[in-house]
Every structure is written in C-alpha cells, then in structure tokens.
Amino acid sequence: MEEIKNAAPIENFDWDAFENGSSNSAKSKEELEQLYDGTLNKVADNEVVNGTVIAINKREVIVNIGYKSDGIIPVSEFRYNPDLKVGDTVEVFIENTENKKGQLLLSHKKACASRSWDRVNQALDSQEVIKGYIKCRTKGGMIVDVFGTEAFLPGSQIDVKPIRDYDTFVGQYMDFKVVKINQEFRNVVVSHKALIEEEIEQQRMDIISKLEKGQVLEGTVKNITSYGVFIDLGGVDGLIHITDLSWGRVSDPKEVVELDQKINVVILDFDDEKKRIALGLKQLTPHPWDALDANLQVGDKVKGKVVVIADYGAFIEIAPGVEGLIHVSEMSWSQHLRSAQDFIKVGDEIEAVILTLDRDERKMSLGLKQLKNDPWQSIDDKYPVGSKHTATVRNFTSFGIFVEIEEGVDGLIHISDLSWTKKVKHPSEFTQIGSTIDVVVLEIDKENRRLSLGHKQLEDNPWDTYETVFTLDSIHEGKIVEMMDKGAVIALEYGVEGFATPKHLVKEDGTQAQQGETLQFKVIEFNKESKRVILSHSRIFEDIAKAEAKAEKKAQRKASGKKDAKDEPMIQNQAASTTLGDIDALAALKSQLDKEEK
C-alpha cells in the first residue's frame, strides 16, 4: 500500500459549500456569473431586435433573441407570413423583459409598425420615392399601405388630370412620395401627383423653351369650362378661349370639342414667363369672309339665322363666321321707338337685304323693312285728307296723342282735336295706350312722315247748335261740379260746361253757393270759337230787383204826372227751358250726345 504523503490544507476553504456539493469559492461564483451574463444579449423595453424562431405550435411562436429566456408571440401576428418556419429570423418588439411571471414579452406586429413608422419618416426626410399598395377607397381619396402603415392619398394627389373613377385604382401598386406626417396622431399623407409633376416640369421646361407664336402643336382636351377649353400640350397647359374655337358664335364649348379629344392648335400668345399660353383652333381654317361669294353686293337678298339680339338691333349669321347687323331702325318703316325683340328673336331664320358691305373691314349691315314697300310713297292715295281710319294709340304727350294707322304710318291727334265739348287736360283722360281710336286725316306732312289727325272732326260741331240755345241772358239749370279759387265749373245740359266767378255765385240770402248745389244760372257771355260759357246766379235776382225798382220809379213819376221820355217798354228775354227740347236741332243733338255717353 502506497504511503500517503502529508499535504498542506487549502486556506480559506469553504467547507460548508463543499458539504452542500459545491467546491467553488464565493469569488469564483461571481466570476462565473459575470462570465454567464456576458454570453447574453443586453436588451431593453420598447426596443426592436432580431430573433430566431425555435418552435411553432398552433397558438404560439417561440423566439430566441439571445436573452436568458425565450419570448412567446401569438401565431396570429404572423398571419401575413404563412410560410414561417423554425430557424427563420424575425423582427420583434420588446414589450417587457420580465413580467410578473418572469416571462419575456415580445410582439412581431409592433416591431413591424415601429420599423414602418421609422421608415416612413425617413422617406419624408429624404424625399425618397416609395412603393405602396392602394387598399380601398375612402371619403376624399384612397387608403394606401406603405411599409405596413396606412397612409391617406387625397383624390387631388392621384394624378394631374381630374379623376372620374377612383375604383379603378383599388388593388394597384403605385409609386408615392410622403408629403406630410402628423407625429401626434401618426397620420401620413402621400402623393402620386408630385412624382408626375416632377416629370412634367422637366417636359414643360423642354416644351416652353421651344414655344413660338404661330406654332402648331397637338394637344389633348383636359378640361372644358363655360369660357373656354384647357389643352394639355404634354406637360404644359394652354387655353383656347371660347371666341377662338370657331369663326361662328359658340354658346357652349362642348358643341365643338369633347374631353380627352386630341386636336391640333396654334399658339396665339404667351406671357414673358410663358406660364399662360393662349391657343386657337379656328385660326387653323381660312376666315369665312375670305370665302364669301364674290358676286354678293349691296341690294342682294340673303338668308340667315338670328344669333344675338340687343336693344339697338340684331346680328344675323348668313354663314359660319359671317354676320351682318340689322339696326332696329331698319326693321320697320315706323318711326315709333321700339326694341329689336318686338320684331325677331334668337334662332329665327329670316331674309334680309344687304345695305352696306365692307369686305376689308368684314362688316355688313342688313335691312328688313326694305323687303316691303315704303307706305309713304303712296300716302296721298291711301290716306288722303278727309279720309277716316282706325288707329292704335302708341304714346301720350301733354299736347296730344301719337297713333299708328299701320306699320310705318304715324300721326298726331292734338289735344284740342279730341272733343268738341269736353275740356281734356291730359290725353290719358280720354283714352289709353294700346287702345284703338277713330281718326280723320286733317293734314299730310310727307317730308317729316307725319299725319295731323283729328277725332272730334268725325262729328258735326255741336257749338253751332249751342249758340242758338245758350243765348245771352237766357236762364238754365246747372250743377256746381268743381270749385276753384277763381270760380266754379257748372255742368249744364247737353254736356256743356260753364264757368262762374265767385261774385256771381252769391245767393239771394247773401251766402256763397257750394259744390254739388243745383241752381239757376244766367248766360252773361257765350264764345263759340273758344267754347266758353260765362254764367251768373246772382245776376238773376239782381236783374229782377233792378227791374222792380225801375218799375216802381216809373209808377211814382206817373202818379206825379211826370213822363220820362227815355222810358221804354222793358222786354225780358228769358228763355223757357221747358220748350228747348222741342226744337228739332236740339232734339237731334241731345239724342247724339246721349248715344255718346252710353
């Protein structure tokens, strides 16, 4: 048996640890722990790291991120990656390094969202062109998936052209630029139009550098407005004003072009910076005036369509781009002021006579009335003095009525020629505009194209008869119909009106007669020419009083035996009103007046 040699004991040996089955000292244990911790990854909450899939079951995916424990992620977070298998590397978000159960909590979904948000912000900073998937349509635009983040694509940012059908873009992949991010609400706005504009801007610079007036280019109808058409010239927009679409009048540009139509246009003008380009379409065809019939001359008849009407006249299109003006004075022989709308309306097909023709100025004047004979050429034969006609009242003046016997034949009825008996202060008291009135021709003024007409001359002058009725000192019953400062108007029989001054309206009892009273009046003046009858009520009893005084004086002289050589028998010329109706002339006159009143 080999002899056991003596050995020195190990100082500071931990016998307790040895008895428990461990032979490491306290110092070596700390070293081992440090060595162990050094083999693990240092991670923190809310951090995104890469991990390795080490196991997959129906509910969970086990991921090793090199930490002291493995993390568990619901398999639903990998539904967009059905081909996931053990050994794959995936991004995970550390929600908690150690929860209450001592487990490591990971999320693949949040890792994707975090990486996506960082990627989107990076794209905004660098103005990078990114690709996105248009998921669906929403109010005002589309929802786009970029790096797993939902972004908003406004309808105005889809294309430079107006979009008519948004649904055609759903399900498509397109390139975008991130144009705006709201960090607080994590909203992202993208644009596809910005990419197109960059490309177009380069094309635009190439196009506008070569623009020249008179240059003919091909373009596409981009937009149609009420005032013109916008044309896309391949990156540069130009405007064809509505007046430059056709040589003829155009009420709506859609009559000439339609959207997306390709047409040739000519450059008419552009500003110094070449931002506004004026285009023309009609300039590509010859002017219609140049193709106008060379044999057409003044006096010829032409047919055309009324395209514009104004108060002063109407424009007639006799060919596309060739128009003539018919002034309102050339529409009728009448001198009565009227509007062009009284004769024709827009859209009418009419015939007219060429009055003037200037091919250099491209102007033409036409006439309508020249198609009819001038009625004044035969006025003496058709409307001789003394002839009776029916006219239409056209206008009033303070001195008379303007009437039209036929189109182009006007006349004036002076206010003094309206009635034999009635004092007309204004023609509107006698008739109204638009009414008909019977007239007789009194005088013809051919040079000024005017007739002097009368209405009262259609009847005999009743004042010839009144002269025999309303004799001086004859007494008649009358009614006061109007009171004025200078006197009163008294209505007598047969429609005659008389006048009495205030001193002749004093009654026998000294009071003044009032309006509406019916009294006896004596004729103290009669003038047939001026149709004036002056009356007096007070003269009746004044004359009786004078006669009685004279008779009494005569009786006194006779009683005294004296005789006055100057005294002569007094004859009282008082007409009996009850016998006037028996006169044949008055009876006929009364019948005629009653008929007129009815």
# chains A, B, ... in the order shown; residues from 1 in each chain; ligands from 1

$ residues_around --residues "Ala291 (chain A)" --least-positions-apart "6" --cutoff "12 Å" --atoms "only C-alpha atoms" --output "PyMOL selection string"
chain A and resi 285+319-322+359+362

$ closest_residue --among "A:Gly280, A:Arg164, A:Ala500, A:Ser334" --to "Leu259 (chain A)" --atoms "only C-alpha atoms"
A:Arg164

$ closest_residue --among "A:Ala513, A:Leu153, A:Leu442, A:Leu472" --to "Phe526 (chain A)" --atoms "only C-alpha atoms"
A:Leu472

$ closest_atom_pairs --of "region 195-226 of chain A" --to "region 236-254 of chain A" --cutoff "8 Å" --atoms "only C-alpha atoms" --output "JSON lines"
{"residue": "A:Ile200", "atom": "CA", "partner": "A:Val236", "partner_atom": "CA", "distance": 7.9}
{"residue": "A:Arg204", "atom": "CA", "partner": "A:Val236", "partner_atom": "CA", "distance": 5.4}
{"residue": "A:Ile207", "atom": "CA", "partner": "A:Val236", "partner_atom": "CA", "distance": 7.4}
{"residue": "A:Ile208", "atom": "CA", "partner": "A:Val236", "partner_atom": "CA", "distance": 7.7}
{"residue": "A:Ile224", "atom": "CA", "partner": "A:Pro253", "partner_atom": "CA", "distance": 6.9}
{"residue": "A:Thr225", "atom": "CA", "partner": "A:Pro253", "partner_atom": "CA", "distance": 7.3}
{"residue": "A:Ser226", "atom": "CA", "partner": "A:Asp252", "partner_atom": "CA", "distance": 6.4}

$ write_last_selection --atoms "N, CA, C and O atoms" --output "PDB file, in the first residue's frame"
ATOM      1  N   ILE A 200     -43.364  66.081 -65.365  1.00  0.00           N
ATOM      2  CA  ILE A 200     -43.982  67.030 -66.287  1.00  0.00           C
ATOM      3  C   ILE A 200     -43.207  68.347 -66.313  1.00  0.00           C
ATOM      4  O   ILE A 200     -43.070  68.983 -67.363  1.00  0.00           O
ATOM      5  N   ARG A 204     -42.096  70.224 -69.329  1.00  0.00           N
ATOM      6  CA  ARG A 204     -42.589  71.585 -69.535  1.00  0.00           C
ATOM      7  C   ARG A 204     -41.447  72.537 -69.888  1.00  0.00           C
ATOM      8  O   ARG A 204     -41.573  73.370 -70.780  1.00  0.00           O
ATOM      9  N   ILE A 207     -40.576  72.024 -73.387  1.00  0.00           N
ATOM     10  CA  ILE A 207     -41.585  72.497 -74.347  1.00  0.00           C
ATOM     11  C   ILE A 207     -41.580  74.018 -74.430  1.00  0.00           C
ATOM     12  O   ILE A 207     -41.539  74.598 -75.525  1.00  0.00           O
ATOM     13  N   ILE A 208     -41.629  74.696 -73.263  1.00  0.00           N
ATOM     14  CA  ILE A 208     -41.770  76.149 -73.288  1.00  0.00           C
ATOM     15  C   ILE A 208     -40.527  76.834 -73.843  1.00  0.00           C
ATOM     16  O   ILE A 208     -40.599  77.966 -74.317  1.00  0.00           O
ATOM     17  N   ILE A 224     -63.064  71.387 -69.843  1.00  0.00           N
ATOM     18  CA  ILE A 224     -63.963  72.264 -70.606  1.00  0.00           C
ATOM     19  C   ILE A 224     -64.716  73.143 -69.615  1.00  0.00           C
ATOM     20  O   ILE A 224     -65.339  72.637 -68.680  1.00  0.00           O
ATOM     21  N   THR A 225     -64.645  74.459 -69.818  1.00  0.00           N
ATOM     22  CA  THR A 225     -65.358  75.404 -68.967  1.00  0.00           C
ATOM     23  C   THR A 225     -66.310  76.228 -69.827  1.00  0.00           C
ATOM     24  O   THR A 225     -66.331  76.093 -71.054  1.00  0.00           O
ATOM     25  N   SER A 226     -67.065  77.093 -69.160  1.00  0.00           N
ATOM     26  CA  SER A 226     -68.021  77.928 -69.896  1.00  0.00           C
ATOM     27  C   SER A 226     -67.318  78.982 -70.741  1.00  0.00           C
ATOM     28  O   SER A 226     -67.888  79.488 -71.706  1.00  0.00           O
TER      29      SER A 226
END

$ select_by_dssp --residues "region 169-350 of chain A" --states "strand (DSSP E or B)" --output "VMD selection string"
chain A and resid 173 to 182 187 to 191 216 to 224 228 to 232 237 to 241 262 to 270 277 to 280 301 to 310 313 to 319 322 to 327 349 to 350

$ residues_around --residues "Ile524 (chain A)" --least-positions-apart "2" --cutoff "12 Å" --atoms "only C-alpha atoms" --output "list of chain:residue names"
A:Phe470, A:Thr471, A:Leu472, A:Asp473, A:Ser474, A:Ile475, A:His476, A:Gly498, A:Phe499, A:Ala500, A:Thr501, A:His504, A:Phe521, A:Lys522, A:Phe526, A:Asn527, A:Arg532, A:Val533, A:Ile534, A:Leu535, A:Ser536, A:His537, A:Ser538, A:Arg539, A:Ile540, A:Asp543

$ residues_around --residues "Glu150 (chain A)" --least-positions-apart "2" --cutoff "12 Å" --atoms "only C-alpha atoms" --output "JSON, numbers by chain"
{"A": [113, 116, 117, 120, 132, 133, 134, 135, 136, 142, 143, 144, 145, 146, 147, 148, 152, 153, 178, 181, 186, 187, 188, 189, 190]}

$ write_last_selection --atoms "C-alpha atoms" --output "compact mmCIF listing (two decimals), in the first residue's frame"
# COMPACT_ATOMS: atom_id res chain seq x y z
CA ALA A 113 -45.27 49.05 -37.03
CA SER A 116 -42.59 51.04 -40.67
CA TRP A 117 -43.09 54.37 -38.89
CA VAL A 120 -41.98 56.43 -43.39
CA GLY A 132 -47.39 51.43 -51.79
CA TYR A 133 -50.48 49.30 -52.18
CA ILE A 134 -53.88 51.01 -52.63
CA LYS A 135 -56.14 49.12 -50.24
CA CYS A 136 -59.50 50.81 -50.57
CA MET A 142 -57.73 56.41 -51.06
CA ILE A 143 -56.08 54.37 -48.25
CA VAL A 144 -52.54 53.23 -49.13
CA ASP A 145 -50.38 50.62 -47.32
CA VAL A 146 -46.72 51.74 -47.19
CA PHE A 147 -44.30 49.58 -45.15
CA GLY A 148 -47.32 48.28 -43.22
CA PHE A 152 -54.00 58.75 -46.96
CA LEU A 153 -53.86 59.56 -50.67
CA VAL A 178 -44.56 61.13 -48.46
CA ILE A 181 -46.77 63.44 -41.40
CA ARG A 186 -49.50 59.34 -36.58
CA ASN A 187 -51.20 60.36 -39.82
CA VAL A 188 -49.37 60.05 -43.13
CA VAL A 189 -50.28 61.76 -46.42
CA VAL A 190 -48.75 60.56 -49.70

$ select_by_dssp --residues "region 4-248 of chain A" --states "helix (DSSP H, G or I)" --output "ChimeraX atom specification"
/A:15-19,26-38,75-78,108-126,155-157,166-169,193-208,242-244

$ residues_around --residues "Gly155 (chain A)" --least-positions-apart "2" --cutoff "8 Å" --atoms "only C-alpha atoms" --output "MDAnalysis selection string"
chainID A and resid 140:142 153 157:158 163 166

$ decode --residues "region 393-408 of chain A" --atoms "all heavy atoms" --output "PDB file, in the first residue's frame"
ATOM      1  N   VAL A 393    -103.333 103.643 -80.415  1.00  0.00           N
ATOM      2  CA  VAL A 393    -102.649 104.625 -79.563  1.00  0.00           C
ATOM      3  C   VAL A 393    -101.286 104.071 -79.162  1.00  0.00           C
ATOM      4  O   VAL A 393    -101.193 102.991 -78.579  1.00  0.00           O
ATOM      5  CB  VAL A 393    -103.489 104.942 -78.306  1.00  0.00           C
ATOM      6  CG1 VAL A 393    -102.744 105.923 -77.409  1.00  0.00           C
ATOM      7  CG2 VAL A 393    -104.851 105.502 -78.706  1.00  0.00           C
ATOM      8  N   ARG A 394    -100.211 104.816 -79.483  1.00  0.00           N
ATOM      9  CA  ARG A 394     -98.848 104.374 -79.187  1.00  0.00           C
ATOM     10  C   ARG A 394     -98.200 105.137 -78.032  1.00  0.00           C
ATOM     11  O   ARG A 394     -97.447 104.570 -77.251  1.00  0.00           O
ATOM     12  CB  ARG A 394     -97.964 104.516 -80.436  1.00  0.00           C
ATOM     13  CG  ARG A 394     -98.310 103.568 -81.564  1.00  0.00           C
ATOM     14  CD  ARG A 394     -98.147 102.141 -81.126  1.00  0.00           C
ATOM     15  NE  ARG A 394     -98.374 101.197 -82.224  1.00  0.00           N
ATOM     16  CZ  ARG A 394     -98.527  99.900 -82.065  1.00  0.00           C
ATOM     17  NH1 ARG A 394     -98.501  99.393 -80.832  1.00  0.00           N
ATOM     18  NH2 ARG A 394     -98.728  99.101 -83.088  1.00  0.00           N
ATOM     19  N   ASN A 395     -98.502 106.434 -77.918  1.00  0.00           N
ATOM     20  CA  ASN A 395     -97.821 107.223 -76.888  1.00  0.00           C
ATOM     21  C   ASN A 395     -98.615 108.478 -76.589  1.00  0.00           C
ATOM     22  O   ASN A 395     -99.416 108.938 -77.409  1.00  0.00           O
ATOM     23  CB  ASN A 395     -96.406 107.589 -77.364  1.00  0.00           C
ATOM     24  CG  ASN A 395     -95.519 108.054 -76.234  1.00  0.00           C
ATOM     25  OD1 ASN A 395     -95.832 107.843 -75.065  1.00  0.00           O
ATOM     26  ND2 ASN A 395     -94.424 108.707 -76.566  1.00  0.00           N
ATOM     27  N   PHE A 396     -98.378 109.024 -75.384  1.00  0.00           N
ATOM     28  CA  PHE A 396     -99.016 110.266 -74.958  1.00  0.00           C
ATOM     29  C   PHE A 396     -97.971 111.366 -74.821  1.00  0.00           C
ATOM     30  O   PHE A 396     -96.814 111.117 -74.474  1.00  0.00           O
ATOM     31  CB  PHE A 396     -99.687 110.093 -73.592  1.00  0.00           C
ATOM     32  CG  PHE A 396    -100.915 109.219 -73.607  1.00  0.00           C
ATOM     33  CD1 PHE A 396    -101.237 108.444 -72.507  1.00  0.00           C
ATOM     34  CD2 PHE A 396    -101.737 109.176 -74.716  1.00  0.00           C
ATOM     35  CE1 PHE A 396    -102.360 107.641 -72.507  1.00  0.00           C
ATOM     36  CE2 PHE A 396    -102.865 108.373 -74.725  1.00  0.00           C
ATOM     37  CZ  PHE A 396    -103.177 107.603 -73.625  1.00  0.00           C
ATOM     38  N   THR A 397     -98.399 112.596 -75.068  1.00  0.00           N
ATOM     39  CA  THR A 397     -97.637 113.783 -74.676  1.00  0.00           C
ATOM     40  C   THR A 397     -98.625 114.742 -74.041  1.00  0.00           C
ATOM     41  O   THR A 397     -99.840 114.517 -74.082  1.00  0.00           O
ATOM     42  CB  THR A 397     -96.953 114.460 -75.883  1.00  0.00           C
ATOM     43  OG1 THR A 397     -97.951 115.012 -76.739  1.00  0.00           O
ATOM     44  CG2 THR A 397     -96.104 113.474 -76.660  1.00  0.00           C
ATOM     45  N   SER A 398     -98.124 115.814 -73.485  1.00  0.00           N
ATOM     46  CA  SER A 398     -99.023 116.777 -72.840  1.00  0.00           C
ATOM     47  C   SER A 398     -99.889 117.505 -73.858  1.00  0.00           C
ATOM     48  O   SER A 398    -100.932 118.048 -73.513  1.00  0.00           O
ATOM     49  CB  SER A 398     -98.200 117.786 -72.038  1.00  0.00           C
ATOM     50  OG  SER A 398     -97.298 118.474 -72.899  1.00  0.00           O
ATOM     51  N   PHE A 399     -99.459 117.494 -75.140  1.00  0.00           N
ATOM     52  CA  PHE A 399    -100.197 118.251 -76.157  1.00  0.00           C
ATOM     53  C   PHE A 399    -100.992 117.360 -77.114  1.00  0.00           C
ATOM     54  O   PHE A 399    -101.668 117.858 -78.002  1.00  0.00           O
ATOM     55  CB  PHE A 399     -99.236 119.132 -76.970  1.00  0.00           C
ATOM     56  CG  PHE A 399     -98.105 118.359 -77.599  1.00  0.00           C
ATOM     57  CD1 PHE A 399     -98.252 117.693 -78.807  1.00  0.00           C
ATOM     58  CD2 PHE A 399     -96.871 118.307 -76.968  1.00  0.00           C
ATOM     59  CE1 PHE A 399     -97.204 116.994 -79.380  1.00  0.00           C
ATOM     60  CE2 PHE A 399     -95.820 117.607 -77.541  1.00  0.00           C
ATOM     61  CZ  PHE A 399     -95.981 116.949 -78.746  1.00  0.00           C
ATOM     62  N   GLY A 400    -100.906 116.020 -76.952  1.00  0.00           N
ATOM     63  CA  GLY A 400    -101.680 115.187 -77.851  1.00  0.00           C
ATOM     64  C   GLY A 400    -101.379 113.705 -77.744  1.00  0.00           C
ATOM     65  O   GLY A 400    -100.715 113.256 -76.807  1.00  0.00           O
ATOM     66  N   ILE A 401    -101.861 112.964 -78.744  1.00  0.00           N
ATOM     67  CA  ILE A 401    -101.724 111.506 -78.765  1.00  0.00           C
ATOM     68  C   ILE A 401    -101.049 111.089 -80.074  1.00  0.00           C
ATOM     69  O   ILE A 401    -101.478 111.491 -81.166  1.00  0.00           O
ATOM     70  CB  ILE A 401    -103.100 110.823 -78.682  1.00  0.00           C
ATOM     71  CG1 ILE A 401    -103.845 111.253 -77.416  1.00  0.00           C
ATOM     72  CG2 ILE A 401    -102.959 109.310 -78.719  1.00  0.00           C
ATOM     73  CD1 ILE A 401    -105.261 110.731 -77.344  1.00  0.00           C
ATOM     74  N   PHE A 402     -99.987 110.281 -79.956  1.00  0.00           N
ATOM     75  CA  PHE A 402     -99.360 109.700 -81.142  1.00  0.00           C
ATOM     76  C   PHE A 402    -100.013 108.346 -81.421  1.00  0.00           C
ATOM     77  O   PHE A 402    -100.118 107.506 -80.525  1.00  0.00           O
ATOM     78  CB  PHE A 402     -97.856 109.519 -80.925  1.00  0.00           C
ATOM     79  CG  PHE A 402     -97.086 110.801 -81.004  1.00  0.00           C
ATOM     80  CD1 PHE A 402     -96.671 111.459 -79.852  1.00  0.00           C
ATOM     81  CD2 PHE A 402     -96.787 111.372 -82.229  1.00  0.00           C
ATOM     82  CE1 PHE A 402     -95.970 112.640 -79.915  1.00  0.00           C
ATOM     83  CE2 PHE A 402     -96.075 112.563 -82.313  1.00  0.00           C
ATOM     84  CZ  PHE A 402     -95.669 113.200 -81.148  1.00  0.00           C
ATOM     85  N   VAL A 403    -100.443 108.180 -82.656  1.00  0.00           N
ATOM     86  CA  VAL A 403    -101.114 106.942 -83.045  1.00  0.00           C
ATOM     87  C   VAL A 403    -100.444 106.370 -84.284  1.00  0.00           C
ATOM     88  O   VAL A 403     -99.698 107.054 -84.980  1.00  0.00           O
ATOM     89  CB  VAL A 403    -102.617 107.185 -83.318  1.00  0.00           C
ATOM     90  CG1 VAL A 403    -103.319 107.685 -82.069  1.00  0.00           C
ATOM     91  CG2 VAL A 403    -102.818 108.152 -84.483  1.00  0.00           C
ATOM     92  N   GLU A 404    -100.701 105.074 -84.534  1.00  0.00           N
ATOM     93  CA  GLU A 404    -100.169 104.386 -85.716  1.00  0.00           C
ATOM     94  C   GLU A 404    -101.335 103.787 -86.484  1.00  0.00           C
ATOM     95  O   GLU A 404    -102.071 102.942 -85.958  1.00  0.00           O
ATOM     96  CB  GLU A 404     -99.191 103.297 -85.275  1.00  0.00           C
ATOM     97  CG  GLU A 404     -98.475 102.617 -86.433  1.00  0.00           C
ATOM     98  CD  GLU A 404     -97.499 101.553 -85.955  1.00  0.00           C
ATOM     99  OE1 GLU A 404     -97.947 100.602 -85.287  1.00  0.00           O
ATOM    100  OE2 GLU A 404     -96.295 101.674 -86.249  1.00  0.00           O
ATOM    101  N   ILE A 405    -101.487 104.256 -87.718  1.00  0.00           N
ATOM    102  CA  ILE A 405    -102.580 103.737 -88.554  1.00  0.00           C
ATOM    103  C   ILE A 405    -102.202 102.369 -89.109  1.00  0.00           C
ATOM    104  O   ILE A 405    -103.004 101.436 -89.130  1.00  0.00           O
ATOM    105  CB  ILE A 405    -102.908 104.731 -89.698  1.00  0.00           C
ATOM    106  CG1 ILE A 405    -103.350 106.077 -89.103  1.00  0.00           C
ATOM    107  CG2 ILE A 405    -103.999 104.169 -90.600  1.00  0.00           C
ATOM    108  CD1 ILE A 405    -103.679 107.128 -90.132  1.00  0.00           C
ATOM    109  N   GLU A 406    -100.964 102.272 -89.574  1.00  0.00           N
ATOM    110  CA  GLU A 406    -100.386 100.988 -89.979  1.00  0.00           C
ATOM    111  C   GLU A 406     -98.897 101.078 -89.743  1.00  0.00           C
ATOM    112  O   GLU A 406     -98.371 102.145 -89.402  1.00  0.00           O
ATOM    113  CB  GLU A 406    -100.692 100.670 -91.448  1.00  0.00           C
ATOM    114  CG  GLU A 406     -99.967 101.578 -92.436  1.00  0.00           C
ATOM    115  CD  GLU A 406    -100.038 101.051 -93.862  1.00  0.00           C
ATOM    116  OE1 GLU A 406    -101.111 101.149 -94.473  1.00  0.00           O
ATOM    117  OE2 GLU A 406     -99.003 100.546 -94.320  1.00  0.00           O
ATOM    118  N   GLU A 407     -98.180  99.966 -89.843  1.00  0.00           N
ATOM    119  CA  GLU A 407     -96.746  99.987 -89.578  1.00  0.00           C
ATOM    120  C   GLU A 407     -96.056 100.973 -90.513  1.00  0.00           C
ATOM    121  O   GLU A 407     -96.103 100.854 -91.723  1.00  0.00           O
ATOM    122  CB  GLU A 407     -96.155  98.592 -89.775  1.00  0.00           C
ATOM    123  CG  GLU A 407     -94.681  98.519 -89.377  1.00  0.00           C
ATOM    124  CD  GLU A 407     -94.105  97.124 -89.537  1.00  0.00           C
ATOM    125  OE1 GLU A 407     -94.832  96.157 -89.236  1.00  0.00           O
ATOM    126  OE2 GLU A 407     -92.951  97.005 -89.970  1.00  0.00           O
ATOM    127  N   GLY A 408     -95.414 101.969 -89.897  1.00  0.00           N
ATOM    128  CA  GLY A 408     -94.711 102.973 -90.672  1.00  0.00           C
ATOM    129  C   GLY A 408     -95.504 104.239 -90.907  1.00  0.00           C
ATOM    130  O   GLY A 408     -94.946 105.230 -91.393  1.00  0.00           O
TER     131      GLY A 408
END
